[in-house]
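Below is one structure, written out as structure tokens; the observations come after it.
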Amino acid sequence: MGADLVGPYGVVSAVIALVAIVSLVTVLVLLRRERAQTRRNAELVHVARQLRRRYDALQSVTHEGVVVQSHDARVLDLSERAAEILGVARDAVVGVAVADLPLVLLDDRGLAVSPAQVLGRHGEPERTTVVTLVPPLAGARPSVVQVTSRGVPADDDEAAVLTTVVDITARRDVEVALSRSETQFRVAMENAPIGMALVDLEWRITEANVALAELLGTHVQALRGYPMADLSAPEDHAAQRAATDRLLGGGQQRFSLEMRCRRADEQLVWVVLDAALVRGADGRPDHFVVQVRDATESRMQAEMLTHRAMHDPLTGLANRTLLQEVLHTALSQPGAVDRVSVLACDLDGFKAVNDRYGHAAGDDILVHVAGVLRAATAGGGTVARLGGDEFVVVLQSVHAARAVFEVANAIHAGLAEPVRVGRRRLAVAASVGIALADQHLVDAGAPTLLAAADAALYRAKQGGRGRTEVYDASMELSTAPTLQREIVHAIEHDELVVHYQPIVDLSDARVVGYEALVRWQHPQRGLLLPGAFLPHLQEAGVSVLLGQFVASRVVEFLARTADDARWVSVNVSADQLGDSELATRLLQDLSRHRVTAGRLVLELTESSLVASGTRIRHELTQLSAAGVPILLDDFGTGVSPLSYLRDLPVAGVKLDMSFTSGIPHDPTAGKVTRALGALARELAMVTIAEGIENEEQADFLRRNGWRYGQGWLYGGALPLA
């Protein structure tokens, strides 16, 4: 029985023990699971916190604001950037219905719209809207906001709506400014009075305006895609290519080029092309902006002005300036010896024709003689008029000696027939001097060769009418050392004489003064005009000596003249001033002869050589302070004559005869003369016009404010007797 009880009891105990063990294991398993879940929850919380921090960090640096809405359109979350853009407090709007957000939004038509219409999706996968946000504060500037909403899907349904808001005010301002600039540029380009085009880097036109099309005789559509180079003359292609290469290479940013353009009708027009290179944001070349201005008229005017500056207005022949350039060029070429010859021509008795028949008849004769000289050279040389009835021909030929004699013979033959002037037939003859360019004359230069021809001319005039003489050793021109001795000898032996040309009051032609002009009564070459010896004086170093001689003779003349109302003007050049020697001598002579200083007037020539602040200016100031008036000669010419009216003690001006000769037929000369006269009168200066040859010129000058005048109309330069 005890065994029977032990058996069942043991089984029960075993079962209980087993159950306890299983329960313990289960508890342990559950505890372990709970701990694992706790750890997982802690990890999820940690991850969530990290994600939140990253989210907040991302929102703090991004330009986009984020709004998270629930499926029933309530604000679940709002980033700080979104709150800043929308102008709301973050804590105040979380949980608020989107439709109730305190926002004033306007669409592109300026109409108010609900925040729910802007921030919601309304069934679309993604929706972007641009609105204007009006701030609540009065006077604050509205902003432009771009709103994009999209759904955030869950396993079963959309759990939320994610909305991004971006302030695009600055970008919109830039877009508007760019659009405005582009519109303004296009309007300006289309309506510009000058031709404009946009040209690509291949130098092809991409856009052009109407003005350019009209200039080229075509239409805008035909210019698009057209190569710019094909519009210009072939001779200008290289210059265009070089200029554009410099732009593309970074050597410069723009260029200006004068060239010829070919119109649709094949005519060539002169234009000025201005091109500027436009670079992109990366600094690389993008395109060119080109302006094309019609320069045909200005080019013609420039050529006319150049022609006037280089040609005689009466005959159309070359003037002294052009002649010297031609002769200098001819002598500077290799082999100039015996290949260059100069012919000087002077009419015989021309002054008597002027005095008897008037200057109009004299002009007709000069024009006829110019035609004879042109015909004699047959286009094989340069014919020039130096002034009055002085003509010069420069020939370049392998057989220069034969050619120049043929021209001389043709001149005499052409003048054999009398010239018809009005109803009269007047006989005209000329004296001719010839100089061949030997080694000595070529080395001495153009002035010496001209002087040689001039010396031969005076020998011809001494021999009678209609003669030709050739320069030879018996007429040997003086070199600088010998010329100084000859001038000194001429002064000591009274070979230099002073002639006086009257200056009159234009209101009544009353003589009020004279201009002193020096002449050389050479014992072998006869009476030499200044052009034959003055060019060599500075080189010989005797210009100051000559100036002192002329001034002394003039003071003596004034001392013998009882009429204190008349004055005499003396020409002085820059090389005669600067060392006070001439000024001192002048003031001593005036004092010794008791001549009023105001009766001696100095005409300052070569004014382009005078610089303010130099000894020359000091010397002029000294003379002016002593009462000697200073006139500015050749007024209207030179490098910068107007500045001398300010910088030098100038009391008056003398109008250059180049302007007078153009009156009244040359409107430009008339305008310049009128303007210069007004300027001088405004400065309260004495005004004198030289080179007056007829009453029409005198009347024009008088009506336009020029008070005094001189010229052939009132008489030439005469000796004291």
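Numbering starts fresh at 1 for the residues of each chain in the structure tokens, the chains themselves are lettered A, B, ... in the order given, and ligands are numbered from 1 as they appear.
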Residues within 12 Å of A:Ala264, only C-alpha atoms, excluding chain neighbours under 4 positions, as a PyMOL selection string = chain A and resi 212-219+222-223+230-232+268-269
Can you write just those residues out, C-alpha atoms, as a PDB file, in the first residue's frame?
```pdb
ATOM      1  CA  LEU A 212      20.227  98.401 -91.857  1.00  0.00           C
ATOM      2  CA  ALA A 213      18.001  96.783 -94.462  1.00  0.00           C
ATOM      3  CA  GLU A 214      17.157 100.189 -95.965  1.00  0.00           C
ATOM      4  CA  LEU A 215      20.811 101.199 -95.975  1.00  0.00           C
ATOM      5  CA  LEU A 216      21.648  98.048 -97.944  1.00  0.00           C
ATOM      6  CA  GLY A 217      18.609  98.305-100.216  1.00  0.00           C
ATOM      7  CA  THR A 218      16.998  95.039 -99.063  1.00  0.00           C
ATOM      8  CA  HIS A 219      14.623  93.740 -96.370  1.00  0.00           C
ATOM      9  CA  ALA A 222      16.930  88.611 -96.497  1.00  0.00           C
ATOM     10  CA  LEU A 223      19.651  89.639 -94.040  1.00  0.00           C
ATOM     11  CA  ASP A 230      29.786  89.341 -98.065  1.00  0.00           C
ATOM     12  CA  LEU A 231      28.205  92.746 -97.503  1.00  0.00           C
ATOM     13  CA  SER A 232      31.541  94.571 -97.725  1.00  0.00           C
ATOM     14  CA  LEU A 268      29.033 100.808-102.841  1.00  0.00           C
ATOM     15  CA  VAL A 269      28.364 103.062 -99.856  1.00  0.00           C
TER      16      VAL A 269
END
```
Which residues of stretch 264-285 of chain A sit at most 12 Å from stretch 233-243 of chain A, using only C-alpha atoms? Give each one's shortest atom pair and distance in Å (one decimal place), in chain and ascending residue order, as a tab-separated table.
```
residue	atom	partner	partner_atom	distance
A:Glu266	CA	A:Ala233	CA	10.3
A:Gln267	CA	A:Ala233	CA	10.3
A:Leu268	CA	A:Ala233	CA	7.7
A:Val269	CA	A:Ala233	CA	9.6
A:Trp270	CA	A:Ala233	CA	10.0
A:Val271	CA	A:Ala233	CA	11.2
A:Val272	CA	A:Gln240	CA	11.8
A:Leu273	CA	A:Gln240	CA	9.4
A:Asp274	CA	A:Ala243	CA	10.6
A:Ala275	CA	A:Ala243	CA	9.2
A:Ala276	CA	A:Ala243	CA	10.6
A:Leu277	CA	A:Ala243	CA	11.1
```
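Closest approach to A:Thr660 among A:Leu106, A:Leu314, A:Ala455, A:Val511 is made by A:Leu314 (distances from only C-alpha atoms).
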inquiry  = Please identify the helix (DSSP H, G or I) residues within stretch 260-366 of chain A (assignment by DSSP from backbone atoms) and present them as a PyMOL selection string.
reply    = chain A and resi 296-310+320-332+350-357+359-366
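In this model, the gap between atom CA of A:Ser114 and atom CA of A:Asp173 comes to 24.8 Å.
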task = Give the strand (DSSP E or B) residues of stretch 550-685 of chain A, as assigned by DSSP on the backbone, as a ChimeraX atom specification.
result = /A:567-572,600-604,630-635,652-655
key: Spatial neighbours of A:Leu323, max dist 9 Å, only C-alpha atoms, sep filter under 2 positions, as a ChimeraX atom specification   = /A:310,318-321,325-328,382-386,392-394
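Reported to one decimal place, the separation of atom CA of A:Thr132 from atom CA of A:Val152 is 26.1 Å.
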Any chance you could tabulate, as a tab-separated table, the residues of stretch 264-332 of chain A at most 7 Å from stretch 186-203 of chain A with each one's nearest atom pair and distance in Å to one decimal, using only C-alpha atoms, in chain and rising number order?
```
residue	atom	partner	partner_atom	distance
A:Asp286	CA	A:Leu201	CA	6.8
A:His287	CA	A:Asp200	CA	4.7
A:Phe288	CA	A:Val199	CA	5.0
A:Val289	CA	A:Leu198	CA	4.9
A:Val290	CA	A:Ala197	CA	5.2
A:Gln291	CA	A:Met196	CA	4.5
A:Val292	CA	A:Gly195	CA	4.8
A:Arg293	CA	A:Ile194	CA	5.6
```
Output file for the residues above (N, CA and C atoms, as a compact mmCIF listing (two decimals), in the first residue's frame):
```txt
# COMPACT_ATOMS: atom_id res chain seq x y z
N ASP A 286 29.85 84.92 -77.00
CA ASP A 286 28.52 84.44 -77.34
C ASP A 286 28.05 84.99 -78.69
N HIS A 287 28.12 86.31 -78.86
CA HIS A 287 27.71 86.90 -80.14
C HIS A 287 28.24 88.33 -80.21
N PHE A 288 28.02 88.98 -81.35
CA PHE A 288 28.43 90.37 -81.57
C PHE A 288 27.20 91.25 -81.70
N VAL A 289 27.32 92.48 -81.20
CA VAL A 289 26.35 93.53 -81.49
C VAL A 289 27.02 94.52 -82.43
N VAL A 290 26.40 94.75 -83.58
CA VAL A 290 27.02 95.54 -84.64
C VAL A 290 26.15 96.74 -84.97
N GLN A 291 26.78 97.90 -85.09
CA GLN A 291 26.11 99.10 -85.59
C GLN A 291 26.76 99.51 -86.91
N VAL A 292 25.93 99.92 -87.85
CA VAL A 292 26.41 100.32 -89.17
C VAL A 292 25.85 101.70 -89.47
N ARG A 293 26.74 102.69 -89.54
CA ARG A 293 26.33 104.07 -89.79
C ARG A 293 26.73 104.47 -91.21
```
ask   = Leaving out A:Ile692 and any residue of its chain fewer than 2 positions from it, which residues lie within 10 Å of it when counting only C-alpha atoms, given as a list in words?
value = Met657, Thr660, Ser661, Ile663, Ala689, Glu690, Asn694, Glu695, Glu696, Gln697, Ala698, Leu701, Gly709, Gln710, Gly711, Trp712, Leu713, Tyr714 and Gly715 of chain A
task = Just the residues within 8 Å of stretch 406-412 of chain A, please, counting only C-alpha atoms, with nothing from its chain fewer than 4 positions along; format it as a PyMOL selection string.
result = chain A and resi 343+372-373+376-377+402+416+429-430+432+466+468
Selection file, C-alpha atoms, as a PDB file, in the first residue's frame:
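Result file is out-v2.pdb:
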```pdb
ATOM      1  CA  LEU A 343      59.333 124.120-113.642  1.00  0.00           C
ATOM      2  CA  VAL A 372      47.217 125.444-120.389  1.00  0.00           C
ATOM      3  CA  LEU A 373      49.553 123.963-117.757  1.00  0.00           C
ATOM      4  CA  ALA A 376      51.038 120.836-121.312  1.00  0.00           C
ATOM      5  CA  THR A 377      51.737 118.138-118.725  1.00  0.00           C
ATOM      6  CA  ARG A 402      63.521 116.259-122.245  1.00  0.00           C
ATOM      7  CA  ALA A 416      50.491 132.150-127.873  1.00  0.00           C
ATOM      8  CA  ALA A 429      52.974 135.484-121.802  1.00  0.00           C
ATOM      9  CA  ALA A 430      54.911 133.635-119.146  1.00  0.00           C
ATOM     10  CA  VAL A 432      59.662 129.865-117.076  1.00  0.00           C
ATOM     11  CA  GLY A 466      58.112 134.636-122.714  1.00  0.00           C
ATOM     12  CA  THR A 468      62.764 129.945-120.424  1.00  0.00           C
TER      13      THR A 468
END
```
task = Point out the residue among A:Tyr357, A:Val512, A:Gln439, A:Asp363 with the least atom-to-atom distance to A:Arg424, counting only C-alpha atoms.
result = A:Tyr357
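For the residues A:Asp438, A:Leu496, A:Arg127, A:Ile491, ranking by smallest atom-to-atom distance to A:Leu529 using only C-alpha atoms places A:Leu496 first.
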request  = Skip stretch 518-521 of chain A itself and residues of its chain fewer than 5 positions away, then list as a ChimeraX atom specification all residues within 10 Å of it, counting only C-alpha atoms.
outcome  = /A:487,490-491,494-500,526-534,546-547,549-550,570-571,717,719
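Interatomic distance, atom CA of A:Pro313 to atom CA of A:Lys351: 20.0 Å.
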